[in-house]
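J.: Input coords-v8.pdb, format and content: PDB, C-alpha atoms, pLDDT in the B column.
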ATOM      1  CA  MET N   1     -54.931  31.506 -31.637  1.00 44.00           C
ATOM      2  CA  SER N   2     -56.090  34.313 -29.371  1.00 48.00           C
ATOM      3  CA  ARG N   3     -53.705  36.660 -27.578  1.00 44.00           C
ATOM      4  CA  ALA N   4     -54.879  35.286 -24.206  1.00 45.00           C
ATOM      5  CA  ALA N   5     -54.099  31.733 -25.286  1.00 44.00           C
ATOM      6  CA  ARG N   6     -50.610  32.718 -26.438  1.00 45.00           C
ATOM      7  CA  LEU N   7     -49.939  34.431 -23.093  1.00 42.00           C
ATOM      8  CA  ALA N   8     -51.106  31.334 -21.198  1.00 44.00           C
ATOM      9  CA  ILE N   9     -48.753  29.091 -23.193  1.00 40.00           C
ATOM     10  CA  ALA N  10     -45.829  31.477 -22.670  1.00 43.00           C
ATOM     11  CA  MET N  11     -46.481  31.563 -18.924  1.00 41.00           C
ATOM     12  CA  SER N  12     -46.580  27.756 -18.774  1.00 43.00           C
ATOM     13  CA  VAL N  13     -43.186  27.558 -20.515  1.00 36.00           C
ATOM     14  CA  VAL N  14     -41.689  30.080 -18.075  1.00 36.00           C
ATOM     15  CA  LEU N  15     -42.978  28.134 -15.068  1.00 37.00           C
ATOM     16  CA  LEU N  16     -41.658  24.855 -16.480  1.00 37.00           C
ATOM     17  CA  LEU N  17     -38.192  26.335 -17.056  1.00 35.00           C
ATOM     18  CA  ALA N  18     -38.167  27.791 -13.547  1.00 36.00           C
ATOM     19  CA  ALA N  19     -39.077  24.437 -12.003  1.00 36.00           C
ATOM     20  CA  THR N  20     -36.392  22.653 -14.038  1.00 34.00           C
ATOM     21  CA  ALA N  21     -33.763  25.194 -12.996  1.00 35.00           C
ATOM     22  CA  GLY N  22     -34.756  24.731  -9.368  1.00 36.00           C
ATOM     23  CA  LEU N  23     -34.077  21.004  -9.569  1.00 30.00           C
ATOM     24  CA  ALA N  24     -30.555  21.651 -10.796  1.00 32.00           C
ATOM     25  CA  CYS N  25     -29.592  23.963  -7.915  1.00 31.00           C
ATOM     26  CA  ASP N  26     -28.000  23.028  -4.649  1.00 36.00           C
ATOM     27  CA  GLU N  27     -30.051  23.771  -1.568  1.00 35.00           C
ATOM     28  CA  THR N  28     -29.400  23.796   2.145  1.00 36.00           C
ATOM     29  CA  VAL N  29     -31.584  21.798   4.512  1.00 38.00           C
ATOM     30  CA  ASP N  30     -31.277  22.380   8.259  1.00 46.00           C
ATOM     31  CA  GLY N  31     -27.900  24.018   7.667  1.00 50.00           C
ATOM     32  CA  ARG N  32     -26.498  21.008   5.815  1.00 53.00           C
ATOM     33  CA  THR N  33     -25.270  21.187   2.251  1.00 46.00           C
ATOM     34  CA  SER N  34     -27.487  18.948   0.148  1.00 43.00           C
ATOM     35  CA  LEU N  35     -26.541  17.745  -3.304  1.00 40.00           C
ATOM     36  CA  THR N  36     -29.368  17.651  -5.800  1.00 31.00           C
ATOM     37  CA  ALA N  37     -30.376  14.932  -8.199  1.00 31.00           C
ATOM     38  CA  ALA N  38     -31.134  16.571 -11.500  1.00 27.00           C
ATOM     39  CA  THR N  39     -32.128  14.194 -14.281  1.00 23.00           C
ATOM     40  CA  GLY N  40     -29.447  11.527 -14.119  1.00 29.00           C
ATOM     41  CA  GLY N  41     -30.214   9.927 -10.758  1.00 31.00           C
ATOM     42  CA  GLY N  42     -27.343  11.730  -9.035  1.00 33.00           C
ATOM     43  CA  ALA N  43     -27.108  12.620  -5.366  1.00 36.00           C
ATOM     44  CA  THR N  44     -30.284  12.831  -3.332  1.00 35.00           C
ATOM     45  CA  THR N  45     -31.238  15.990  -1.524  1.00 37.00           C
ATOM     46  CA  GLY N  46     -30.714  16.050   2.220  1.00 46.00           C
ATOM     47  CA  GLY N  47     -33.895  16.259   4.252  1.00 54.00           C
ATOM     48  CA  GLY N  48     -35.730  14.190   1.644  1.00 55.00           C
ATOM     49  CA  ALA N  49     -34.535  10.595   1.285  1.00 87.00           C
ATOM     50  CA  LYS N  50     -34.770   8.658   4.553  1.00 94.00           C
ATOM     51  CA  ILE N  51     -33.958   5.009   5.124  1.00 96.00           C
ATOM     52  CA  SER N  52     -35.436   3.308   8.164  1.00 97.00           C
ATOM     53  CA  LEU N  53     -32.975   1.072   9.975  1.00 98.00           C
ATOM     54  CA  PRO N  54     -33.866  -2.354  11.385  1.00 96.00           C
ATOM     55  CA  ALA N  55     -34.813  -2.128  15.054  1.00 94.00           C
ATOM     56  CA  PRO N  56     -31.838  -2.866  17.339  1.00 89.00           C
ATOM     57  CA  GLN N  57     -32.025  -6.010  19.444  1.00 86.00           C
ATOM     58  CA  PRO N  58     -31.548  -5.691  23.219  1.00 81.00           C
ATOM     59  CA  ASP N  59     -29.471  -8.845  23.523  1.00 85.00           C
ATOM     60  CA  GLY N  60     -26.697 -10.637  21.669  1.00 85.00           C
ATOM     61  CA  PRO N  61     -24.307 -13.572  21.863  1.00 88.00           C
ATOM     62  CA  VAL N  62     -21.370 -11.542  23.238  1.00 94.00           C
ATOM     63  CA  SER N  63     -21.260 -10.325  26.850  1.00 94.00           C
ATOM     64  CA  VAL N  64     -20.078  -6.849  27.788  1.00 94.00           C
ATOM     65  CA  GLU N  65     -17.041  -8.424  29.434  1.00 96.00           C
ATOM     66  CA  LYS N  66     -16.083 -10.333  26.287  1.00 96.00           C
ATOM     67  CA  ALA N  67     -16.536  -7.234  24.153  1.00 96.00           C
ATOM     68  CA  ILE N  68     -14.270  -5.213  26.456  1.00 96.00           C
ATOM     69  CA  GLN N  69     -11.656  -7.951  26.471  1.00 97.00           C
ATOM     70  CA  GLY N  70     -11.770  -8.283  22.681  1.00 96.00           C
ATOM     71  CA  ARG N  71     -11.664  -4.614  21.765  1.00 97.00           C
ATOM     72  CA  ARG N  72      -8.591  -3.765  19.698  1.00 97.00           C
ATOM     73  CA  SER N  73      -7.806  -1.151  17.073  1.00 97.00           C
ATOM     74  CA  VAL N  74      -8.335  -2.941  13.748  1.00 97.00           C
ATOM     75  CA  ARG N  75      -6.966  -1.200  10.655  1.00 97.00           C
ATOM     76  CA  GLU N  76      -7.127  -3.866   7.937  1.00 98.00           C
ATOM     77  CA  TYR N  77     -10.433  -5.007   6.453  1.00 98.00           C
ATOM     78  CA  SER N  78     -11.755  -7.458   3.897  1.00 97.00           C
ATOM     79  CA  GLU N  79     -13.869  -6.517   0.879  1.00 96.00           C
ATOM     80  CA  GLU N  80     -16.967  -8.142   2.386  1.00 97.00           C
ATOM     81  CA  PRO N  81     -19.735  -5.582   2.920  1.00 98.00           C
ATOM     82  CA  LEU N  82     -21.566  -4.841   6.142  1.00 98.00           C
ATOM     83  CA  THR N  83     -25.298  -5.395   6.436  1.00 98.00           C
ATOM     84  CA  LEU N  84     -27.837  -2.658   7.110  1.00 98.00           C
ATOM     85  CA  VAL N  85     -28.636  -4.394  10.403  1.00 97.00           C
ATOM     86  CA  GLU N  86     -24.995  -4.115  11.482  1.00 97.00           C
ATOM     87  CA  LEU N  87     -24.745  -0.464  10.496  1.00 98.00           C
ATOM     88  CA  GLY N  88     -27.942   0.275  12.395  1.00 98.00           C
ATOM     89  CA  ARG N  89     -26.610  -1.388  15.542  1.00 97.00           C
ATOM     90  CA  LEU N  90     -23.346   0.551  15.349  1.00 98.00           C
ATOM     91  CA  LEU N  91     -25.153   3.881  15.065  1.00 98.00           C
ATOM     92  CA  TRP N  92     -27.642   2.947  17.774  1.00 98.00           C
ATOM     93  CA  ALA N  93     -24.787   2.043  20.136  1.00 98.00           C
ATOM     94  CA  ALA N  94     -23.268   5.488  19.595  1.00 98.00           C
ATOM     95  CA  GLN N  95     -26.350   7.710  19.813  1.00 98.00           C
ATOM     96  CA  GLY N  96     -29.497   5.598  19.734  1.00 97.00           C
ATOM     97  CA  VAL N  97     -32.539   6.402  21.848  1.00 97.00           C
ATOM     98  CA  THR N  98     -32.783   3.873  24.672  1.00 96.00           C
ATOM     99  CA  SER N  99     -35.665   5.117  26.825  1.00 95.00           C
ATOM    100  CA  ASP N 100     -39.210   6.371  26.446  1.00 93.00           C
ATOM    101  CA  ARG N 101     -38.056   9.735  27.804  1.00 94.00           C
ATOM    102  CA  GLY N 102     -35.556  10.170  24.980  1.00 94.00           C
ATOM    103  CA  GLY N 103     -32.401   9.134  26.827  1.00 96.00           C
ATOM    104  CA  ARG N 104     -29.620   7.908  24.582  1.00 97.00           C
ATOM    105  CA  ALA N 105     -27.028   5.144  24.663  1.00 97.00           C
ATOM    106  CA  ALA N 106     -24.230   7.524  25.695  1.00 97.00           C
ATOM    107  CA  PRO N 107     -24.574   9.833  28.723  1.00 97.00           C
ATOM    108  CA  SER N 108     -24.886  13.531  27.968  1.00 98.00           C
ATOM    109  CA  ALA N 109     -24.366  16.466  30.355  1.00 98.00           C
ATOM    110  CA  GLY N 110     -27.805  17.839  31.144  1.00 97.00           C
ATOM    111  CA  GLY N 111     -29.295  15.908  28.257  1.00 97.00           C
ATOM    112  CA  THR N 112     -27.988  18.559  25.862  1.00 98.00           C
ATOM    113  CA  TYR N 113     -26.957  15.967  23.229  1.00 98.00           C
ATOM    114  CA  PRO N 114     -24.364  17.969  21.273  1.00 98.00           C
ATOM    115  CA  LEU N 115     -23.285  15.092  19.024  1.00 98.00           C
ATOM    116  CA  GLU N 116     -24.246  14.466  15.404  1.00 98.00           C
ATOM    117  CA  VAL N 117     -23.304  11.174  13.759  1.00 98.00           C
ATOM    118  CA  TYR N 118     -22.723  10.530  10.062  1.00 98.00           C
ATOM    119  CA  ALA N 119     -21.999   7.405   8.047  1.00 98.00           C
ATOM    120  CA  ALA N 120     -19.816   7.679   4.961  1.00 98.00           C
ATOM    121  CA  ALA N 121     -20.935   4.345   3.561  1.00 98.00           C
ATOM    122  CA  ALA N 122     -19.349   2.495   0.660  1.00 98.00           C
ATOM    123  CA  MET N 123     -19.881  -1.232   1.210  1.00 98.00           C
ATOM    124  CA  VAL N 124     -23.169  -1.791   3.007  1.00 98.00           C
ATOM    125  CA  THR N 125     -25.585  -4.287   1.492  1.00 97.00           C
ATOM    126  CA  GLY N 126     -28.762  -2.593   0.323  1.00 94.00           C
ATOM    127  CA  LEU N 127     -27.405   0.923   0.867  1.00 96.00           C
ATOM    128  CA  ARG N 128     -26.209   3.169  -1.915  1.00 96.00           C
ATOM    129  CA  PRO N 129     -22.687   4.559  -1.370  1.00 97.00           C
ATOM    130  CA  GLY N 130     -22.885   8.051   0.034  1.00 97.00           C
ATOM    131  CA  VAL N 131     -23.015  10.244   3.114  1.00 98.00           C
ATOM    132  CA  TYR N 132     -25.830   9.688   5.597  1.00 98.00           C
ATOM    133  CA  HIS N 133     -26.901  11.570   8.709  1.00 98.00           C
ATOM    134  CA  TYR N 134     -28.125   9.411  11.588  1.00 98.00           C
ATOM    135  CA  LEU N 135     -31.486  10.450  13.056  1.00 98.00           C
ATOM    136  CA  PRO N 136     -31.621   8.997  16.606  1.00 98.00           C
ATOM    137  CA  GLN N 137     -35.284   9.737  17.293  1.00 96.00           C
ATOM    138  CA  GLU N 138     -36.348   7.874  14.157  1.00 97.00           C
ATOM    139  CA  HIS N 139     -33.497   5.349  14.089  1.00 98.00           C
ATOM    140  CA  ALA N 140     -33.150   6.205  10.434  1.00 98.00           C
ATOM    141  CA  LEU N 141     -30.654   7.551   7.938  1.00 98.00           C
ATOM    142  CA  GLU N 142     -31.029  10.801   6.027  1.00 98.00           C
ATOM    143  CA  MET N 143     -29.154  10.693   2.745  1.00 97.00           C
ATOM    144  CA  LEU N 144     -27.055  13.804   2.145  1.00 97.00           C
ATOM    145  CA  SER N 145     -25.113  12.771  -0.950  1.00 96.00           C
ATOM    146  CA  ALA N 146     -24.567   9.758  -3.179  1.00 96.00           C
ATOM    147  CA  VAL N 147     -20.792  10.059  -3.300  1.00 96.00           C
ATOM    148  CA  ASP N 148     -18.174   7.717  -1.812  1.00 98.00           C
ATOM    149  CA  ILE N 149     -15.998  10.150   0.157  1.00 98.00           C
ATOM    150  CA  ARG N 150     -13.666   7.637   1.794  1.00 98.00           C
ATOM    151  CA  GLY N 151     -10.768   8.751  -0.409  1.00 98.00           C
ATOM    152  CA  ARG N 152     -11.224  12.358   0.631  1.00 98.00           C
ATOM    153  CA  LEU N 153     -11.521  11.356   4.268  1.00 98.00           C
ATOM    154  CA  MET N 154      -8.336   9.311   3.975  1.00 98.00           C
ATOM    155  CA  GLU N 155      -6.528  12.325   2.515  1.00 98.00           C
ATOM    156  CA  ALA N 156      -7.911  14.488   5.327  1.00 98.00           C
ATOM    157  CA  SER N 157      -6.685  11.881   7.834  1.00 98.00           C
ATOM    158  CA  LEU N 158      -3.024  12.219   6.857  1.00 98.00           C
ATOM    159  CA  GLY N 159      -3.268   9.359   4.367  1.00 98.00           C
ATOM    160  CA  GLN N 160      -4.240   6.667   6.876  1.00 98.00           C
ATOM    161  CA  ALA N 161      -5.194   3.706   4.689  1.00 98.00           C
ATOM    162  CA  CYS N 162      -7.750   2.299   7.136  1.00 98.00           C
ATOM    163  CA  VAL N 163      -9.997   5.321   6.528  1.00 98.00           C
ATOM    164  CA  GLY N 164     -10.082   4.577   2.823  1.00 98.00           C
ATOM    165  CA  ASP N 165     -10.461   0.806   3.252  1.00 98.00           C
ATOM    166  CA  GLY N 166     -13.323   0.511   5.746  1.00 98.00           C
ATOM    167  CA  ALA N 167     -16.762  -0.511   4.571  1.00 98.00           C
ATOM    168  CA  VAL N 168     -18.044   2.613   6.293  1.00 98.00           C
ATOM    169  CA  ASP N 169     -16.475   5.592   8.027  1.00 98.00           C
ATOM    170  CA  ILE N 170     -18.465   6.846  11.019  1.00 98.00           C
ATOM    171  CA  ILE N 171     -18.013  10.563  11.679  1.00 98.00           C
ATOM    172  CA  ILE N 172     -18.853  11.923  15.119  1.00 98.00           C
ATOM    173  CA  ALA N 173     -19.252  15.701  15.125  1.00 98.00           C
ATOM    174  CA  ALA N 174     -20.288  18.146  17.824  1.00 98.00           C
ATOM    175  CA  VAL N 175     -22.326  21.323  18.137  1.00 98.00           C
ATOM    176  CA  TYR N 176     -20.547  22.758  21.179  1.00 98.00           C
ATOM    177  CA  GLU N 177     -23.097  25.526  21.751  1.00 98.00           C
ATOM    178  CA  ARG N 178     -25.793  23.065  22.784  1.00 98.00           C
ATOM    179  CA  THR N 179     -23.759  22.297  25.894  1.00 98.00           C
ATOM    180  CA  THR N 180     -21.743  25.468  26.475  1.00 98.00           C
ATOM    181  CA  GLU N 181     -24.894  27.610  26.497  1.00 98.00           C
ATOM    182  CA  ARG N 182     -25.790  25.845  29.742  1.00 98.00           C
ATOM    183  CA  TYR N 183     -22.395  25.087  31.260  1.00 98.00           C
ATOM    184  CA  GLY N 184     -20.120  27.750  29.833  1.00 98.00           C
ATOM    185  CA  GLU N 185     -16.514  26.878  29.033  1.00 98.00           C
ATOM    186  CA  ARG N 186     -16.774  23.718  31.148  1.00 98.00           C
ATOM    187  CA  GLY N 187     -19.226  22.434  28.571  1.00 98.00           C
ATOM    188  CA  VAL N 188     -16.368  21.922  26.105  1.00 98.00           C
ATOM    189  CA  ARG N 189     -14.991  19.204  28.379  1.00 98.00           C
ATOM    190  CA  TYR N 190     -18.432  17.635  28.689  1.00 98.00           C
ATOM    191  CA  VAL N 191     -18.741  17.451  24.902  1.00 98.00           C
ATOM    192  CA  HIS N 192     -15.401  15.696  24.607  1.00 98.00           C
ATOM    193  CA  LEU N 193     -16.335  13.238  27.343  1.00 98.00           C
ATOM    194  CA  GLU N 194     -19.586  12.445  25.574  1.00 98.00           C
ATOM    195  CA  ALA N 195     -17.822  11.869  22.262  1.00 98.00           C
ATOM    196  CA  GLY N 196     -15.545   9.356  23.998  1.00 98.00           C
ATOM    197  CA  HIS N 197     -18.522   7.564  25.517  1.00 98.00           C
ATOM    198  CA  ALA N 198     -20.216   7.302  22.111  1.00 98.00           C
ATOM    199  CA  ALA N 199     -17.078   6.124  20.336  1.00 98.00           C
ATOM    200  CA  GLN N 200     -16.372   3.416  22.923  1.00 98.00           C
ATOM    201  CA  ASN N 201     -19.958   2.192  22.691  1.00 98.00           C
ATOM    202  CA  LEU N 202     -19.575   1.934  18.927  1.00 98.00           C
ATOM    203  CA  CYS N 203     -16.279   0.070  19.200  1.00 98.00           C
ATOM    204  CA  LEU N 204     -17.693  -2.430  21.694  1.00 98.00           C
ATOM    205  CA  GLN N 205     -20.698  -2.986  19.440  1.00 97.00           C
ATOM    206  CA  ALA N 206     -18.304  -3.637  16.562  1.00 98.00           C
ATOM    207  CA  VAL N 207     -16.593  -6.362  18.621  1.00 98.00           C
ATOM    208  CA  ALA N 208     -19.967  -7.898  19.479  1.00 96.00           C
ATOM    209  CA  LEU N 209     -20.791  -8.044  15.752  1.00 97.00           C
ATOM    210  CA  GLY N 210     -17.449  -9.563  14.796  1.00 97.00           C
ATOM    211  CA  LEU N 211     -16.348  -6.351  13.091  1.00 98.00           C
ATOM    212  CA  GLY N 212     -13.165  -4.313  13.316  1.00 98.00           C
ATOM    213  CA  ALA N 213     -12.944  -0.585  14.054  1.00 98.00           C
ATOM    214  CA  VAL N 214     -10.378   2.042  14.951  1.00 98.00           C
ATOM    215  CA  THR N 215     -10.856   5.552  16.287  1.00 98.00           C
ATOM    216  CA  VAL N 216      -9.033   8.223  14.273  1.00 98.00           C
ATOM    217  CA  GLY N 217      -8.447  11.713  15.604  1.00 98.00           C
ATOM    218  CA  ALA N 218      -5.544  12.847  13.409  1.00 98.00           C
ATOM    219  CA  PHE N 219      -7.239  14.720  10.576  1.00 98.00           C
ATOM    220  CA  SER N 220      -7.859  18.154   9.129  1.00 98.00           C
ATOM    221  CA  ASP N 221     -11.131  19.436  10.566  1.00 98.00           C
ATOM    222  CA  GLU N 222     -11.721  21.631   7.538  1.00 98.00           C
ATOM    223  CA  GLN N 223     -11.169  18.819   5.038  1.00 98.00           C
ATOM    224  CA  VAL N 224     -13.472  16.437   6.896  1.00 98.00           C
ATOM    225  CA  GLN N 225     -16.139  19.139   7.110  1.00 98.00           C
ATOM    226  CA  SER N 226     -15.844  19.794   3.389  1.00 97.00           C
ATOM    227  CA  ALA N 227     -15.877  16.130   2.371  1.00 98.00           C
ATOM    228  CA  ALA N 228     -18.924  15.260   4.480  1.00 98.00           C
ATOM    229  CA  GLY N 229     -20.759  18.547   3.908  1.00 97.00           C
ATOM    230  CA  LEU N 230     -21.001  19.312   7.624  1.00 97.00           C
ATOM    231  CA  PRO N 231     -22.682  22.561   8.659  1.00 94.00           C
ATOM    232  CA  ALA N 232     -20.376  25.373   9.767  1.00 91.00           C
ATOM    233  CA  GLY N 233     -21.436  24.928  13.397  1.00 94.00           C
ATOM    234  CA  GLU N 234     -20.448  21.259  13.594  1.00 98.00           C
ATOM    235  CA  GLN N 235     -16.894  20.243  14.471  1.00 98.00           C
ATOM    236  CA  PRO N 236     -15.691  16.724  13.615  1.00 98.00           C
ATOM    237  CA  LEU N 237     -14.175  14.906  16.593  1.00 98.00           C
ATOM    238  CA  TYR N 238     -13.792  11.333  15.335  1.00 98.00           C
ATOM    239  CA  VAL N 239     -13.519   9.444  12.082  1.00 98.00           C
ATOM    240  CA  ILE N 240     -14.084   5.746  12.815  1.00 98.00           C
ATOM    241  CA  PRO N 241     -13.586   3.285   9.950  1.00 98.00           C
ATOM    242  CA  VAL N 242     -15.419  -0.022  10.398  1.00 98.00           C
ATOM    243  CA  GLY N 243     -15.197  -3.233   8.376  1.00 98.00           C
ATOM    244  CA  ARG N 244     -14.844  -6.974   8.550  1.00 98.00           C
ATOM    245  CA  PRO N 245     -11.339  -7.808   9.775  1.00 97.00           C
ATOM    246  CA  SER N 246      -8.956  -9.034   7.115  1.00 94.00           C
ATOM    247  CA  ALA N 247      -7.988 -12.681   7.359  1.00 83.00           C
ATOM    248  CA  ASP N 248      -4.345 -11.847   6.615  1.00 69.00           C
TER     249      ASP N 248
END
Step by step, read the file and then write its structure as structure tokens.

T.:
Amino acid sequence: MSRAARLAIAMSVVLLLAATAGLACDETVDGRTSLTAATGGGATTGGGAKISLPAPQPDGPVSVEKAIQGRRSVREYSEEPLTLVELGRLLWAAQGVTSDRGGRAAPSAGGTYPLEVYAAAAMVTGLRPGVYHYLPQEHALEMLSAVDIRGRLMEASLGQACVGDGAVDIIIAAVYERTTERYGERGVRYVHLEAGHAAQNLCLQAVALGLGAVTVGAFSDEQVQSAAGLPAGEQPLYVIPVGRPSAD
């Protein structure tokens, strides 16, 4: 074998090893920690795997008035999973795009849209357990990790059992700078108002779907950020467990 041929083979081996090592490393996509899937079908990298959600329907069998009347904090759930359609409607109600101009379901000061919504899913038919980032413009999910983090979220939420028992925990986080850059310190209030609008929309949609939900605000910000892999600039404001109400 010629010297040139030996060099070519050696270079090919080096490149192959480098590519393999790259697959085993964690990367960051758009500021979010993404967990890599090496060879065993582990977690999927953020920014790569996207799941399109079924298009939301503009009407339903429950009126706004009935949904308002029926809204209660529900903390006990059955083991029956949610459907992907139901999860999509919940996320759409919180932050879905509802106009051709990009307006969303919840009002936002100056259209600054500081909120980011995540689903820590565990029991959703057709969806692998893991952490997903909701993409409003695409009405799709971006998979960030294939790990059920409900236990960690429950621990972060002072041991509240409902957080560990829900079929999915919805996390509403905020990037305050998107709003405060325009409105200064007053923008902090606007962000909190918007989070409340989004959470109420989600809770009313849960009632309309026959689901139970409860808004949780007592938690360690740092632990929720760590469990969900939130970027440093995003502050969690709500953890909202959702499931089918227990018959007990």

J.: Skip Arg178 of chain N itself and residues of its chain fewer than 2 positions away, then list as an MDAnalysis selection string all residues within 10 Å of it, counting all atoms listed in the file.

T.: chainID N and resid 111:115 174:176 180:183 187 191

J.: Name the residues that the PyMOL selection byres ((chain N and resi 221-232) around 9) picks from the file above, as a PyMOL selection string, using the file's chain letters and numbers.

T.: chain N and resi 30-34+118+120+131-132+144-145+149-150+152-153+155-157+171+173+219-220+233-237+239

J.: Which residues, written as an NGL selection string, have at least one atom at most 9 Å from Glu76 of chain N, with only C-alpha atoms counted and residues fewer than 2 positions away on the same chain left out?

T.: :N and (74 or 78 or 161-162 or 165-166 or 212 or 243-248)

J.: Quick one, how far is atom CA of Arg89 of chain N from atom CA of Pro56 of chain N?

T.: 5.7 Å

J.: One number please: atom CA of Gly103 of chain N to atom CA of Leu127 of chain N, in Å, one decimal.

T.: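 Answer for the atom CA of Gly103 of chain N to atom CA of Leu127 of chain N separation: 27.7 Å.
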
J.: One decimal, in Å: what's the spacing between atom CA of Gln95 of chain N and atom CA of Glu79 of chain N?

T.: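 Calculated distance between atom CA of Gln95 of chain N and atom CA of Glu79 of chain N is 26.8 Å.
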
J.: Write out as CSV a residue-level contact list of segment 52-117 of chain N versus segment 138-141 of chain N with cut-off 10 Å: for each qualifying residue the closest pair of atoms and the distance in Å to one decimal, counting all atoms listed in the file, rows sorted by chain and residue number upward.

T.:
residue,atom,partner,partner_atom,distance
N:Ser52,CA,N:Ala140,CA,4.3
N:Leu53,CA,N:Ala140,CA,5.2
N:Pro54,CA,N:His139,CA,8.2
N:Ala55,CA,N:His139,CA,7.7
N:Pro56,CA,N:His139,CA,9.0
N:Gly88,CA,N:His139,CA,7.7
N:Arg89,CA,N:His139,CA,9.7
N:Leu91,CA,N:His139,CA,8.5
N:Trp92,CA,N:His139,CA,7.3
N:Gln95,CA,N:His139,CA,9.5
N:Gly96,CA,N:His139,CA,6.9
N:Val97,CA,N:His139,CA,7.9

J.: With distances taken over all atoms listed in the file, which of N:Met154, N:Ala167, N:Val207, N:Ala146 is nearest to Val62 of chain N?

T.: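 Residue with the minimum atom-to-atom distance to Val62 of chain N: N:Val207.
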
J.: Restricting the calculation to all atoms listed in the file, which member of N:Ala49, N:Ile172, N:Ala213, N:Ala119 is positioned closest to His192 of chain N?

T.: N:Ile172

J.: Using all atoms listed in the file, find each residue of segment 191-230 of chain N with at least one atom at most 10 Å away from an atom of segment 57-60 of chain N; report its shortest atom-to-atom pair and that distance in Å (one decimal), sort the rows by chain and rising residue number, and return the result as a Markdown table.

T.:
| residue | atom | partner | partner_atom | distance |
| --- | --- | --- | --- | --- |
| N:Gln205 | CA | N:Gly60 | CA | 10.0 |
| N:Ala208 | CA | N:Gly60 | CA | 7.6 |
| N:Leu209 | CA | N:Gly60 | CA | 8.8 |

J.: For Glu142 of chain N, which of N:Val117, N:Val242, N:Ala94, N:Cys203 is the closest residue, counting all atoms listed in the file?

T.: N:Val117

J.: Expand the PyMOL selection byres ((chain N and resi 84) around 7) into the individual residues it matches in the shown file, reporting them as a ChimeraX atom specification.

T.: /N:53,82-83,85-88,124-126

J.: Just give me the residues with any atom within 12 Å of (-18.9, -3.1, 28.5), file coordinates, counting all atoms listed in the file, written as a PDB file with C-alpha atoms, in the coordinates of the input.

T.:
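Output contents, as saved in part.pdb:
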ATOM      1  CA  VAL N  62     -21.370 -11.542  23.238  1.00 94.00           C
ATOM      2  CA  SER N  63     -21.260 -10.325  26.850  1.00 94.00           C
ATOM      3  CA  VAL N  64     -20.078  -6.849  27.788  1.00 94.00           C
ATOM      4  CA  GLU N  65     -17.041  -8.424  29.434  1.00 96.00           C
ATOM      5  CA  LYS N  66     -16.083 -10.333  26.287  1.00 96.00           C
ATOM      6  CA  ALA N  67     -16.536  -7.234  24.153  1.00 96.00           C
ATOM      7  CA  ILE N  68     -14.270  -5.213  26.456  1.00 96.00           C
ATOM      8  CA  GLN N  69     -11.656  -7.951  26.471  1.00 97.00           C
ATOM      9  CA  GLY N  70     -11.770  -8.283  22.681  1.00 96.00           C
ATOM     10  CA  ARG N  71     -11.664  -4.614  21.765  1.00 97.00           C
ATOM     11  CA  ALA N  93     -24.787   2.043  20.136  1.00 98.00           C
ATOM     12  CA  HIS N 197     -18.522   7.564  25.517  1.00 98.00           C
ATOM     13  CA  GLN N 200     -16.372   3.416  22.923  1.00 98.00           C
ATOM     14  CA  ASN N 201     -19.958   2.192  22.691  1.00 98.00           C
ATOM     15  CA  LEU N 202     -19.575   1.934  18.927  1.00 98.00           C
ATOM     16  CA  CYS N 203     -16.279   0.070  19.200  1.00 98.00           C
ATOM     17  CA  LEU N 204     -17.693  -2.430  21.694  1.00 98.00           C
ATOM     18  CA  GLN N 205     -20.698  -2.986  19.440  1.00 97.00           C
ATOM     19  CA  ALA N 206     -18.304  -3.637  16.562  1.00 98.00           C
ATOM     20  CA  VAL N 207     -16.593  -6.362  18.621  1.00 98.00           C
ATOM     21  CA  ALA N 208     -19.967  -7.898  19.479  1.00 96.00           C
TER      22      ALA N 208
END

J.: Nearest to Ala218 of chain N: which of N:Gly159, N:Pro136, N:Gly151, N:Pro61 is it, counting all atoms listed in the file?

T.: N:Gly159

J.: Can you give me N, CA and C atoms for segment 124-131 of chain N, written as a PDB file, in the coordinates of the input?

T.:
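Result file follows (rebuild00.pdb):
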ATOM      1  N   VAL N 124     -22.099  -1.357   2.112  1.00 98.00           N
ATOM      2  CA  VAL N 124     -23.169  -1.791   3.007  1.00 98.00           C
ATOM      3  C   VAL N 124     -24.278  -2.362   2.137  1.00 98.00           C
ATOM      4  N   THR N 125     -24.588  -3.623   2.326  1.00 97.00           N
ATOM      5  CA  THR N 125     -25.585  -4.287   1.492  1.00 97.00           C
ATOM      6  C   THR N 125     -26.927  -3.566   1.559  1.00 97.00           C
ATOM      7  N   GLY N 126     -27.464  -3.247   0.393  1.00 94.00           N
ATOM      8  CA  GLY N 126     -28.762  -2.593   0.323  1.00 94.00           C
ATOM      9  C   GLY N 126     -28.726  -1.099   0.517  1.00 94.00           C
ATOM     10  N   LEU N 127     -27.526  -0.518   0.646  1.00 96.00           N
ATOM     11  CA  LEU N 127     -27.405   0.923   0.867  1.00 96.00           C
ATOM     12  C   LEU N 127     -26.493   1.517  -0.193  1.00 96.00           C
ATOM     13  N   ARG N 128     -26.986   2.523  -0.877  1.00 96.00           N
ATOM     14  CA  ARG N 128     -26.209   3.169  -1.915  1.00 96.00           C
ATOM     15  C   ARG N 128     -25.013   3.897  -1.298  1.00 96.00           C
ATOM     16  N   PRO N 129     -23.827   3.804  -1.901  1.00 97.00           N
ATOM     17  CA  PRO N 129     -22.687   4.559  -1.370  1.00 97.00           C
ATOM     18  C   PRO N 129     -23.014   6.044  -1.263  1.00 97.00           C
ATOM     19  N   GLY N 130     -22.603   6.636  -0.160  1.00 97.00           N
ATOM     20  CA  GLY N 130     -22.885   8.051   0.034  1.00 97.00           C
ATOM     21  C   GLY N 130     -22.715   8.459   1.475  1.00 97.00           C
ATOM     22  N   VAL N 131     -23.100   9.687   1.769  1.00 98.00           N
ATOM     23  CA  VAL N 131     -23.015  10.244   3.114  1.00 98.00           C
ATOM     24  C   VAL N 131     -24.410  10.299   3.711  1.00 98.00           C
TER      25      VAL N 131
END
